[in-house]
$ cat entry-v4.pdb   # PDB, C-alpha atoms
ATOM      1  CA  MET A 286      16.491 -32.998   8.184
ATOM      2  CA  GLY A 287      13.067 -32.911   9.869
ATOM      3  CA  ALA A 288      14.610 -31.182  12.883
ATOM      4  CA  ALA A 289      16.286 -28.612  10.620
ATOM      5  CA  ALA A 290      12.960 -27.923   8.869
ATOM      6  CA  TRP A 291      11.217 -27.510  12.236
ATOM      7  CA  ARG A 292      13.904 -25.130  13.519
ATOM      8  CA  THR A 293      13.749 -23.127  10.279
ATOM      9  CA  ALA A 294      10.006 -22.821  10.764
ATOM     10  CA  SER A 295      10.589 -21.368  14.230
ATOM     11  CA  LEU A 296      13.146 -18.711  13.195
ATOM     12  CA  ALA A 297      10.540 -15.940  12.838
ATOM     13  CA  ASP A 298       8.243 -17.198  15.587
ATOM     14  CA  GLY A 299       8.898 -14.159  17.806
ATOM     15  CA  LEU A 300       7.445 -11.881  15.111
ATOM     16  CA  LEU A 301       4.023 -13.502  15.303
ATOM     17  CA  ALA A 302       3.272 -12.041  18.749
ATOM     18  CA  ALA A 303       1.557  -8.672  19.285
ATOM     19  CA  LYS A 304       0.855  -8.267  15.563
ATOM     20  CA  ARG A 305       4.544  -7.670  14.861
ATOM     21  CA  TRP A 306       4.059  -9.827  11.754
ATOM     22  CA  ILE A 307       2.175  -6.920  10.092
ATOM     23  CA  PRO A 308       5.114  -4.460   9.853
ATOM     24  CA  ALA A 309       7.455  -7.411   9.302
ATOM     25  CA  ALA A 310       5.421  -8.625   6.289
ATOM     26  CA  ALA A 311       5.157  -5.064   4.936
ATOM     27  CA  MET A 312       8.938  -4.636   5.208
ATOM     28  CA  GLY A 313       9.549  -8.048   3.635
ATOM     29  CA  GLY A 314       7.344  -7.023   0.704
ATOM     30  CA  THR A 315       8.863  -3.571   0.124
ATOM     31  CA  LEU A 316      12.461  -3.217   1.362
ATOM     32  CA  PRO A 317      13.983  -5.700  -1.145
ATOM     33  CA  LEU A 318      12.257  -3.848  -4.010
ATOM     34  CA  LEU A 319      13.612  -0.491  -2.764
ATOM     35  CA  ALA A 320      17.071  -2.023  -2.376
ATOM     36  CA  ALA A 321      16.939  -3.355  -5.956
ATOM     37  CA  LEU A 322      16.198   0.048  -7.540
ATOM     38  CA  PRO A 323      19.829   1.224  -7.871
ATOM     39  CA  TRP A 324      20.965  -2.139  -9.243
ATOM     40  CA  GLY A 325      18.087  -3.499 -11.326
ATOM     41  CA  GLY A 326      17.164  -7.150 -11.755
ATOM     42  CA  GLY A 327      14.486  -9.383 -10.334
ATOM     43  CA  TRP A 328      16.486 -10.686  -7.357
ATOM     44  CA  HIS A 329      14.306  -8.685  -4.964
ATOM     45  CA  GLN A 330      11.449 -11.094  -5.745
ATOM     46  CA  GLY A 331      13.525 -13.982  -4.387
ATOM     47  CA  LEU A 332      14.560 -12.020  -1.294
ATOM     48  CA  SER A 333      10.984 -10.904  -0.556
ATOM     49  CA  GLY A 334       9.874 -14.502  -1.123
ATOM     50  CA  LEU A 335      12.470 -15.767   1.358
ATOM     51  CA  LEU A 336      11.567 -13.194   4.032
ATOM     52  CA  LEU A 337       7.837 -13.834   3.710
ATOM     53  CA  ALA A 338       8.406 -17.608   3.614
ATOM     54  CA  LEU A 339      10.204 -17.471   6.992
ATOM     55  CA  LEU A 340       7.278 -15.578   8.555
ATOM     56  CA  TRP A 341       4.799 -17.843   6.803
ATOM     57  CA  LEU A 342       6.511 -21.010   8.061
ATOM     58  CA  ALA A 343       6.282 -19.734  11.623
ATOM     59  CA  ALA A 344       2.512 -19.316  11.129
ATOM     60  CA  ILE A 345       2.245 -22.816   9.606
ATOM     61  CA  ARG A 346       4.193 -24.252  12.533
ATOM     62  CA  ARG A 347       1.581 -22.785  14.900
ATOM     63  CA  ASP A 348      -1.255 -23.685  12.496
ATOM     64  CA  ALA A 349      -2.254 -20.004  12.596
ATOM     65  CA  MET A 350      -4.107 -19.877   9.283
ATOM     66  CA  GLY A 351      -5.457 -16.335   9.769
ATOM     67  CA  ILE A 352      -1.966 -14.965  10.407
ATOM     68  CA  GLY A 353      -0.546 -17.019   7.525
ATOM     69  CA  VAL A 354      -3.049 -15.628   5.022
ATOM     70  CA  GLY A 355      -2.615 -12.158   6.591
ATOM     71  CA  ILE A 356       1.159 -12.322   6.059
ATOM     72  CA  ILE A 357       0.616 -13.045   2.366
ATOM     73  CA  LEU A 358      -2.001 -10.292   2.008
ATOM     74  CA  VAL A 359       0.073  -7.622   3.804
ATOM     75  CA  GLY A 360       3.341  -8.651   2.126
ATOM     76  CA  PHE A 361       1.928  -8.756  -1.398
ATOM     77  CA  ALA A 362      -0.348  -5.698  -0.992
ATOM     78  CA  SER A 363       2.471  -3.483   0.308
ATOM     79  CA  HIS A 364       4.745  -4.748  -2.466
ATOM     80  CA  ALA A 365       2.005  -4.065  -5.054
ATOM     81  CA  ALA A 366       1.352  -0.537  -3.758
ATOM     82  CA  LEU A 367       5.048   0.359  -4.049
ATOM     83  CA  ALA A 368       5.526  -1.348  -7.425
ATOM     84  CA  ILE A 369       2.404   0.301  -8.902
ATOM     85  CA  ALA A 370       3.479   3.741  -7.632
ATOM     86  CA  LEU A 371       6.941   3.242  -9.152
ATOM     87  CA  SER A 372       5.477   2.070 -12.477
ATOM     88  CA  CYS A 373       3.106   5.032 -12.545
ATOM     89  CA  TYR A 374       5.502   7.823 -11.563
ATOM     90  CA  ALA A 375       8.963   6.419 -12.327
ATOM     91  CA  PRO A 376       8.652   3.770 -15.077
ATOM     92  CA  ALA A 377      12.337   4.067 -15.987
ATOM     93  CA  LEU A 378      13.179   2.912 -12.462
ATOM     94  CA  ALA A 379      10.452   0.276 -12.323
ATOM     95  CA  GLU A 380      11.033  -1.467 -15.644
ATOM     96  CA  PRO A 381      14.483  -2.958 -14.842
ATOM     97  CA  VAL A 382      13.230  -4.439 -11.552
ATOM     98  CA  LEU A 383       9.767  -5.647 -12.629
ATOM     99  CA  ILE A 384      10.966  -8.356 -14.967
ATOM    100  CA  ASP A 385       8.898  -8.929 -18.164
ATOM    101  CA  GLY A 386       6.475  -6.224 -17.001
ATOM    102  CA  ALA A 387       6.922  -4.038 -20.101
ATOM    103  CA  ALA A 388       6.134  -6.909 -22.499
ATOM    104  CA  TYR A 389       3.090  -7.838 -20.428
ATOM    105  CA  TRP A 390       1.890  -4.213 -20.456
ATOM    106  CA  GLU A 391       2.141  -4.075 -24.264
ATOM    107  CA  ALA A 392       0.208  -7.352 -24.587
ATOM    108  CA  GLN A 393      -2.506  -6.059 -22.249
ATOM    109  CA  VAL A 394      -2.885  -2.786 -24.184
ATOM    110  CA  ARG A 395      -3.316  -4.794 -27.402
ATOM    111  CA  TRP A 396      -6.016  -6.863 -25.672
ATOM    112  CA  ILE A 397      -7.814  -3.790 -24.249
ATOM    113  CA  ARG A 398      -7.810  -2.020 -27.613
ATOM    114  CA  SER A 399      -8.596  -4.982 -29.871
ATOM    115  CA  GLY A 400     -10.697  -7.165 -27.542
ATOM    116  CA  TRP A 401      -8.730 -10.249 -28.509
ATOM    117  CA  ASP A 402      -5.768 -12.061 -26.982
ATOM    118  CA  PRO A 403      -5.089 -15.778 -27.413
ATOM    119  CA  GLU A 404      -4.247 -15.926 -23.699
ATOM    120  CA  TYR A 405      -7.836 -14.978 -22.898
ATOM    121  CA  GLU A 406      -9.395 -17.716 -25.023
ATOM    122  CA  LEU A 407     -11.015 -20.243 -22.683
ATOM    123  CA  ILE A 408      -9.456 -23.181 -24.504
ATOM    124  CA  ASN A 409      -6.020 -21.709 -23.715
ATOM    125  CA  TRP A 410      -6.401 -20.299 -20.214
ATOM    126  CA  LEU A 411      -8.409 -23.097 -18.583
ATOM    127  CA  PRO A 412      -5.769 -25.839 -19.080
ATOM    128  CA  ALA A 413      -3.089 -23.315 -18.045
ATOM    129  CA  HIS A 414      -4.997 -22.545 -14.819
ATOM    130  CA  VAL A 415      -5.327 -26.230 -13.970
ATOM    131  CA  GLN A 416      -1.651 -26.824 -14.776
ATOM    132  CA  LEU A 417      -0.559 -23.859 -12.652
ATOM    133  CA  ALA A 418      -2.673 -25.001  -9.697
ATOM    134  CA  ALA A 419      -1.183 -28.508  -9.942
ATOM    135  CA  ALA A 420       2.354 -27.094 -10.235
ATOM    136  CA  VAL A 421       1.818 -24.745  -7.276
ATOM    137  CA  ALA A 422       0.509 -27.609  -5.119
ATOM    138  CA  LEU A 423       3.349 -29.974  -6.046
ATOM    139  CA  PHE A 424       6.145 -27.423  -5.719
ATOM    140  CA  SER A 425       4.698 -26.062  -2.478
ATOM    141  CA  TYR A 426       4.998 -29.546  -1.035
ATOM    142  CA  LEU A 427       8.599 -29.841  -2.232
ATOM    143  CA  SER A 428       9.640 -26.345  -1.105
ATOM    144  CA  LEU A 429       7.438 -25.727   1.970
ATOM    145  CA  GLY A 430       5.676 -23.061  -0.082
ATOM    146  CA  GLY A 431       8.869 -21.210  -1.069
ATOM    147  CA  ILE A 432       8.574 -21.680  -4.850
ATOM    148  CA  ALA A 433       4.927 -20.607  -4.845
ATOM    149  CA  ILE A 434       5.711 -17.374  -2.979
ATOM    150  CA  LEU A 435       8.687 -16.618  -5.230
ATOM    151  CA  HIS A 436       6.665 -17.300  -8.383
ATOM    152  CA  GLY A 437       3.825 -15.257  -6.882
ATOM    153  CA  PHE A 438       6.070 -12.179  -6.717
ATOM    154  CA  TYR A 439       7.057 -12.679 -10.371
ATOM    155  CA  GLU A 440       3.407 -12.958 -11.446
ATOM    156  CA  VAL A 441       2.118 -10.002  -9.391
ATOM    157  CA  ASP A 442       4.930  -7.790 -10.663
ATOM    158  CA  LEU A 443       3.707  -8.371 -14.217
ATOM    159  CA  MET A 444       0.331  -7.058 -13.066
ATOM    160  CA  ASN A 445       1.865  -4.263 -10.979
ATOM    161  CA  PHE A 446       3.804  -2.795 -13.894
ATOM    162  CA  TYR A 447       0.725  -3.036 -16.112
ATOM    163  CA  VAL A 448      -1.580  -1.370 -13.552
ATOM    164  CA  GLY A 449       0.985   1.383 -12.900
ATOM    165  CA  ARG A 450       1.234   2.174 -16.618
ATOM    166  CA  LEU A 451      -2.573   2.047 -16.927
ATOM    167  CA  LEU A 452      -2.903   4.607 -14.133
ATOM    168  CA  ALA A 453      -0.261   6.851 -15.674
ATOM    169  CA  GLY A 454      -2.222   7.129 -18.926
ATOM    170  CA  ALA A 455      -5.747   6.881 -17.540
ATOM    171  CA  GLU A 456      -8.295   9.633 -17.896
ATOM    172  CA  ARG A 457     -10.264   8.094 -14.992
ATOM    173  CA  PRO A 458      -7.777   6.515 -12.570
ATOM    174  CA  LEU A 459     -10.213   5.120  -9.958
ATOM    175  CA  PRO A 460     -12.084   2.547 -12.099
ATOM    176  CA  CYS A 461      -8.764   1.735 -13.725
ATOM    177  CA  LEU A 462      -7.278   0.896 -10.333
ATOM    178  CA  LEU A 463     -10.358  -1.106  -9.296
ATOM    179  CA  VAL A 464     -10.503  -3.363 -12.368
ATOM    180  CA  GLY A 465      -6.909  -3.027 -13.576
ATOM    181  CA  TRP A 466      -5.962  -5.592 -10.974
ATOM    182  CA  HIS A 467      -8.325  -8.092 -12.643
ATOM    183  CA  PRO A 468     -10.848  -9.501 -10.156
ATOM    184  CA  TRP A 469     -10.104 -13.069 -11.290
ATOM    185  CA  SER A 470      -6.409 -12.546 -10.521
ATOM    186  CA  VAL A 471      -7.331 -11.463  -6.980
ATOM    187  CA  MET A 472      -9.395 -14.670  -6.625
ATOM    188  CA  ARG A 473      -6.400 -16.702  -7.830
ATOM    189  CA  GLY A 474      -4.169 -15.063  -5.251
ATOM    190  CA  LEU A 475      -6.611 -15.944  -2.465
ATOM    191  CA  CYS A 476      -6.947 -19.507  -3.783
ATOM    192  CA  TYR A 477      -3.187 -19.967  -3.663
ATOM    193  CA  ALA A 478      -2.875 -18.407  -0.200
ATOM    194  CA  PHE A 479      -5.062 -21.186   1.228
ATOM    195  CA  LEU A 480      -3.747 -23.937  -1.073
ATOM    196  CA  VAL A 481      -0.091 -23.204  -0.381
ATOM    197  CA  PHE A 482      -0.684 -22.866   3.373
ATOM    198  CA  GLU A 483      -2.346 -26.269   3.453
ATOM    199  CA  VAL A 484       0.192 -28.066   1.253
ATOM    200  CA  ALA A 485       3.172 -26.524   3.059
ATOM    201  CA  SER A 486       1.573 -27.546   6.358
ATOM    202  CA  LEU A 487       1.245 -31.129   5.108
ATOM    203  CA  SER A 488       4.877 -31.085   4.029
ATOM    204  CA  LEU A 489       6.153 -29.651   7.347
ATOM    205  CA  SER A 490       4.015 -32.130   9.268
ATOM    206  CA  ARG A 491       5.467 -35.081   7.357
ATOM    207  CA  LEU A 492       9.048 -33.783   7.588
ATOM    208  CA  SER A 493       8.917 -33.055  11.306
ATOM    209  CA  GLY A 494       6.751 -36.029  12.256
ATOM    210  CA  ARG A 495       4.362 -33.741  14.189
ATOM    211  CA  VAL A 496       0.620 -33.354  13.947
ATOM    212  CA  LEU A 497       0.041 -29.701  13.104
ATOM    213  CA  CYS A 498      -3.738 -29.569  12.805
ATOM    214  CA  THR A 499      -6.962 -31.528  12.572
ATOM    215  CA  ARG A 500      -8.321 -33.241   9.483
ATOM    216  CA  ALA A 501     -11.387 -30.965   9.589
ATOM    217  CA  ARG A 502      -9.207 -27.849   9.300
ATOM    218  CA  ARG A 503      -7.321 -29.374   6.384
ATOM    219  CA  VAL A 504     -10.579 -30.221   4.584
ATOM    220  CA  LEU A 505     -11.818 -26.665   5.201
ATOM    221  CA  ARG A 506      -8.691 -25.191   3.582
ATOM    222  CA  TRP A 507      -9.050 -27.422   0.504
ATOM    223  CA  LYS A 508     -12.690 -26.339   0.198
ATOM    224  CA  VAL A 509     -11.868 -22.628   0.521
ATOM    225  CA  ALA A 510      -9.054 -22.968  -2.047
ATOM    226  CA  ALA A 511     -11.426 -24.825  -4.418
ATOM    227  CA  LEU A 512     -14.069 -22.121  -3.940
ATOM    228  CA  PHE A 513     -11.627 -19.355  -4.898
ATOM    229  CA  PHE A 514     -10.373 -21.445  -7.843
ATOM    230  CA  VAL A 515     -13.951 -21.727  -9.160
ATOM    231  CA  ALA A 516     -14.467 -17.969  -8.545
ATOM    232  CA  ASP A 517     -11.264 -17.247 -10.501
ATOM    233  CA  CYS A 518     -12.399 -19.349 -13.473
ATOM    234  CA  GLY A 519     -16.000 -18.108 -13.309
ATOM    235  CA  LEU A 520     -15.007 -14.441 -13.255
ATOM    236  CA  LYS A 521     -12.514 -14.915 -16.062
ATOM    237  CA  ALA A 522     -15.124 -16.706 -18.165
ATOM    238  CA  PHE A 523     -17.991 -14.268 -17.595
ATOM    239  CA  ALA A 524     -16.516 -10.899 -16.552
ATOM    240  CA  LEU A 525     -13.714 -10.696 -19.123
ATOM    241  CA  GLU A 526     -15.523  -8.438 -21.604
ATOM    242  CA  PRO A 527     -17.056  -6.025 -19.024
ATOM    243  CA  VAL A 528     -13.620  -5.602 -17.430
ATOM    244  CA  ARG A 529     -11.965  -5.028 -20.800
ATOM    245  CA  ALA A 530     -14.649  -2.511 -21.811
ATOM    246  CA  THR A 531     -14.176  -0.630 -18.525
ATOM    247  CA  LEU A 532     -10.422  -0.537 -19.058
ATOM    248  CA  GLU A 533     -10.888   0.698 -22.628
ATOM    249  CA  ARG A 534     -13.072   3.562 -21.370
ATOM    250  CA  CYS A 535     -10.457   4.332 -18.718
ATOM    251  CA  LEU A 536      -7.752   4.636 -21.348
ATOM    252  CA  GLY A 537      -9.963   6.963 -23.405
TER     253      GLY A 537
ATOM    254  CA  MET B  49      29.456 -33.427  19.893
ATOM    255  CA  ASP B  50      27.859 -36.195  17.854
ATOM    256  CA  GLU B  51      24.480 -34.560  18.187
ATOM    257  CA  GLU B  52      25.951 -31.246  17.054
ATOM    258  CA  GLY B  53      27.576 -32.935  14.075
ATOM    259  CA  GLY B  54      24.291 -34.665  13.213
ATOM    260  CA  GLY B  55      22.562 -31.288  13.522
ATOM    261  CA  TYR B  56      24.959 -29.703  11.059
ATOM    262  CA  LYS B  57      24.491 -32.636   8.705
ATOM    263  CA  GLY B  58      20.736 -32.135   8.916
ATOM    264  CA  TRP B  59      21.090 -28.423   8.141
ATOM    265  CA  ILE B  60      23.326 -29.140   5.149
ATOM    266  CA  ILE B  61      20.913 -31.718   3.730
ATOM    267  CA  PHE B  62      17.997 -29.366   4.364
ATOM    268  CA  PHE B  63      19.806 -26.471   2.665
ATOM    269  CA  LEU B  64      20.794 -28.618  -0.325
ATOM    270  CA  ILE B  65      17.301 -30.016  -0.866
ATOM    271  CA  PHE B  66      15.125 -27.050   0.058
ATOM    272  CA  GLY B  67      17.513 -24.310  -1.005
ATOM    273  CA  VAL B  68      19.629 -25.454  -3.928
ATOM    274  CA  GLY B  69      17.261 -28.221  -5.090
ATOM    275  CA  ASN B  70      14.236 -25.979  -5.232
ATOM    276  CA  LEU B  71      16.179 -23.146  -6.841
ATOM    277  CA  ILE B  72      17.208 -25.516  -9.659
ATOM    278  CA  LEU B  73      13.616 -26.755  -9.866
ATOM    279  CA  TYR B  74      12.320 -23.197 -10.175
ATOM    280  CA  LEU B  75      14.959 -22.035 -12.643
ATOM    281  CA  THR B  76      14.111 -24.966 -14.904
ATOM    282  CA  THR B  77      10.424 -23.968 -14.383
ATOM    283  CA  GLY B  78       9.738 -27.509 -13.260
ATOM    284  CA  ILE B  79      10.196 -28.955 -16.755
ATOM    285  CA  PHE B  80      10.966 -32.388 -15.327
ATOM    286  CA  LEU B  81       7.753 -32.498 -13.295
ATOM    287  CA  ILE B  82       4.914 -30.105 -14.096
ATOM    288  CA  PRO B  83       6.018 -27.039 -16.063
ATOM    289  CA  ILE B  84       5.109 -23.806 -14.277
ATOM    290  CA  PRO B  85       3.191 -21.736 -16.858
ATOM    291  CA  ARG B  86       4.681 -18.261 -17.297
ATOM    292  CA  LYS B  87       2.886 -15.413 -19.000
TER     293      LYS B  87
END

$ encode --input "entry-v4.pdb" --output "structure tokens"
Amino acid sequence: MGAAAWRTASLADGLLAAKRWIPAAAMGGTLPLLAALPWGGGWHQGLSGLLLALLWLAAIRRDAMGIGVGIILVGFASHAALAIALSCYAPALAEPVLIDGAAYWEAQVRWIRSGWDPEYELINWLPAHVQLAAAVALFSYLSLGGIAILHGFYEVDLMNFYVGRLLAGAERPLPCLLVGWHPWSVMRGLCYAFLVFEVASLSLSRLSGRVLCTRARRVLRWKVAALFFVADCGLKAFALEPVRATLERCLG
Amino acid sequence: MDEEGGGYKGWIIFFLIFGVGNLILYLTTGIFLIPIPRK
């Protein structure tokens, strides 16, 4: 099984050269969503997750952390740009493919207008953040990062639908776009990019019986992931109200 | 031939554990290990 895992990790190796991973990640993040539009459903998230995971594994196999994080950034950013544009200009098309997005949008509008949402109470979100980080680490080890990337697409699509609808009704779109994608959520995404890379690397190393990188590089990744985790929690604790107030002004 | 057969066996086990196993794990949101919080 170790040999099969190693060969799987090498399937997309040729795309890492000459920056070919950039268009490949962008296509992996957007083409499944476009293909899902006539049919509906959230299956595109799984397909995008699979395509990005194959690229990502090739980067892990080479211990190319910069490329690995770049693949996640390009893949998710291109997906987000398309999903937000669809939600803004064609919500009837976007809603059936961005699963649970409409319910999340309604909950966010209630929070922006009223200033209160149980999900944003520290006593509720802090344990959930810790639990999610633990789940992401464990399942990344078991799935070579696959579950984390798949779940990541589900989570960002909740945000994408919400930001698209915000922009559609916003009197001032620019600040809406800047804070609509909550800064703490961006920190969480960066935290998981490093965490999942490291845990998947550990898993591939154990499966294949190969040394993929030095202990110092592993420690560095844990520290960077921890730093972004603290930034996520800190921003959510202290910037929640300014962000909400900005969004309320955007909505008018 | 043996090596090829062993290779196929490895692929099947890999697919079952990392493909099917993780799909089941995700669809049950990890309730048997650590539940994955969903908004």

$ atom_distance --input "entry-v4.pdb" --atom1 "atom CA of Glu380 of chain A" --atom2 "atom CA of Tyr74 of chain B"
22.4 Å

$ resolve_selection --input "entry-v4.pdb" --expression "the PyMOL selection byres ((chain A and resi 434) around 9)" --output "VMD selection string"
chain A and resid 330 to 331 333 to 335 337 to 338 357 425 430 to 433 435 to 439 481

$ write_last_selection --input "entry-v4.pdb" --atoms "C-alpha atoms" --output "PDB file, in the frame of the given file"
ATOM      1  CA  GLN A 330      11.449 -11.094  -5.745  1.00  0.00           C
ATOM      2  CA  GLY A 331      13.525 -13.982  -4.387  1.00  0.00           C
ATOM      3  CA  SER A 333      10.984 -10.904  -0.556  1.00  0.00           C
ATOM      4  CA  GLY A 334       9.874 -14.502  -1.123  1.00  0.00           C
ATOM      5  CA  LEU A 335      12.470 -15.767   1.358  1.00  0.00           C
ATOM      6  CA  LEU A 337       7.837 -13.834   3.710  1.00  0.00           C
ATOM      7  CA  ALA A 338       8.406 -17.608   3.614  1.00  0.00           C
ATOM      8  CA  ILE A 357       0.616 -13.045   2.366  1.00  0.00           C
ATOM      9  CA  SER A 425       4.698 -26.062  -2.478  1.00  0.00           C
ATOM     10  CA  GLY A 430       5.676 -23.061  -0.082  1.00  0.00           C
ATOM     11  CA  GLY A 431       8.869 -21.210  -1.069  1.00  0.00           C
ATOM     12  CA  ILE A 432       8.574 -21.680  -4.850  1.00  0.00           C
ATOM     13  CA  ALA A 433       4.927 -20.607  -4.845  1.00  0.00           C
ATOM     14  CA  LEU A 435       8.687 -16.618  -5.230  1.00  0.00           C
ATOM     15  CA  HIS A 436       6.665 -17.300  -8.383  1.00  0.00           C
ATOM     16  CA  GLY A 437       3.825 -15.257  -6.882  1.00  0.00           C
ATOM     17  CA  PHE A 438       6.070 -12.179  -6.717  1.00  0.00           C
ATOM     18  CA  TYR A 439       7.057 -12.679 -10.371  1.00  0.00           C
ATOM     19  CA  VAL A 481      -0.091 -23.204  -0.381  1.00  0.00           C
TER      20      VAL A 481
END

$ resolve_selection --input "entry-v4.pdb" --expression "the PyMOL selection byres ((chain A and resi 297) around 9)" --output "list in words"
Thr293, Ala294, Ser295, Leu296, Asp298, Gly299, Leu300, Leu301, Trp306, Leu339, Leu340, Trp341, Leu342, Ala343 and Ala344 of chain A

$ write_last_selection --input "entry-v4.pdb" --atoms "C-alpha atoms" --output "mmCIF file, keeping the file's coordinate frame"
data_model
loop_
_atom_site.group_PDB
_atom_site.id
_atom_site.type_symbol
_atom_site.label_atom_id
_atom_site.label_comp_id
_atom_site.auth_asym_id
_atom_site.auth_seq_id
_atom_site.Cartn_x
_atom_site.Cartn_y
_atom_site.Cartn_z
ATOM 1 C CA THR A 293 13.749 -23.127 10.279
ATOM 2 C CA ALA A 294 10.006 -22.821 10.764
ATOM 3 C CA SER A 295 10.589 -21.368 14.230
ATOM 4 C CA LEU A 296 13.146 -18.711 13.195
ATOM 5 C CA ASP A 298 8.243 -17.198 15.587
ATOM 6 C CA GLY A 299 8.898 -14.159 17.806
ATOM 7 C CA LEU A 300 7.445 -11.881 15.111
ATOM 8 C CA LEU A 301 4.023 -13.502 15.303
ATOM 9 C CA TRP A 306 4.059 -9.827 11.754
ATOM 10 C CA LEU A 339 10.204 -17.471 6.992
ATOM 11 C CA LEU A 340 7.278 -15.578 8.555
ATOM 12 C CA TRP A 341 4.799 -17.843 6.803
ATOM 13 C CA LEU A 342 6.511 -21.010 8.061
ATOM 14 C CA ALA A 343 6.282 -19.734 11.623
ATOM 15 C CA ALA A 344 2.512 -19.316 11.129
#

$ atom_distance --input "entry-v4.pdb" --atom1 "atom CA of Ala368 of chain A" --atom2 "atom CA of Val354 of chain A"
20.8 Å

$ interface_residues --input "entry-v4.pdb" --of "chain A" --to "chain B" --cutoff "8 Å" --atoms "all atoms listed in the file" --output "CSV table (one decimal) with C-alpha atoms, keeping the file's coordinate frame"
chain,number,residue,atom,x,y,z
A,286,MET,CA,16.5,-33.0,8.2
A,287,GLY,CA,13.1,-32.9,9.9
A,288,ALA,CA,14.6,-31.2,12.9
A,289,ALA,CA,16.3,-28.6,10.6
A,290,ALA,CA,13.0,-27.9,8.9
A,389,TYR,CA,3.1,-7.8,-20.4
A,413,ALA,CA,-3.1,-23.3,-18.0
A,416,GLN,CA,-1.7,-26.8,-14.8
A,417,LEU,CA,-0.6,-23.9,-12.7
A,419,ALA,CA,-1.2,-28.5,-9.9
A,420,ALA,CA,2.4,-27.1,-10.2
A,421,VAL,CA,1.8,-24.7,-7.3
A,427,LEU,CA,8.6,-29.8,-2.2
A,428,SER,CA,9.6,-26.3,-1.1
A,432,ILE,CA,8.6,-21.7,-4.8
A,440,GLU,CA,3.4,-13.0,-11.4

$ atom_distance --input "entry-v4.pdb" --atom1 "atom CA of Leu371 of chain A" --atom2 "atom CA of Trp396 of chain A"
23.3 Å

$ closest_residue --input "entry-v4.pdb" --among "A:Ser399, A:Asn409, A:Asn445, A:Thr315" --to "Ala387 of chain A" --atoms "only C-alpha atoms"
A:Asn445

$ residues_around --input "entry-v4.pdb" --residues "Leu452 of chain A" --least-positions-apart "3" --cutoff "12 Å" --atoms "only C-alpha atoms" --output "number ranges by chain"
A: 369-374, 376, 390, 445-449, 455-466, 532, 535-537

$ resolve_selection --input "entry-v4.pdb" --expression "the PyMOL selection byres ((chain A and resi 502) around 12)" --output "mmCIF file with C-alpha atoms, in the coordinates of the input"
data_model
loop_
_atom_site.group_PDB
_atom_site.id
_atom_site.type_symbol
_atom_site.label_atom_id
_atom_site.label_comp_id
_atom_site.auth_asym_id
_atom_site.auth_seq_id
_atom_site.Cartn_x
_atom_site.Cartn_y
_atom_site.Cartn_z
ATOM 1 C CA ASP A 348 -1.255 -23.685 12.496
ATOM 2 C CA ALA A 349 -2.254 -20.004 12.596
ATOM 3 C CA MET A 350 -4.107 -19.877 9.283
ATOM 4 C CA PHE A 479 -5.062 -21.186 1.228
ATOM 5 C CA PHE A 482 -0.684 -22.866 3.373
ATOM 6 C CA GLU A 483 -2.346 -26.269 3.453
ATOM 7 C CA SER A 486 1.573 -27.546 6.358
ATOM 8 C CA LEU A 487 1.245 -31.129 5.108
ATOM 9 C CA LEU A 497 0.041 -29.701 13.104
ATOM 10 C CA CYS A 498 -3.738 -29.569 12.805
ATOM 11 C CA THR A 499 -6.962 -31.528 12.572
ATOM 12 C CA ARG A 500 -8.321 -33.241 9.483
ATOM 13 C CA ALA A 501 -11.387 -30.965 9.589
ATOM 14 C CA ARG A 503 -7.321 -29.374 6.384
ATOM 15 C CA VAL A 504 -10.579 -30.221 4.584
ATOM 16 C CA LEU A 505 -11.818 -26.665 5.201
ATOM 17 C CA ARG A 506 -8.691 -25.191 3.582
ATOM 18 C CA TRP A 507 -9.050 -27.422 0.504
ATOM 19 C CA LYS A 508 -12.690 -26.339 0.198
ATOM 20 C CA VAL A 509 -11.868 -22.628 0.521
#
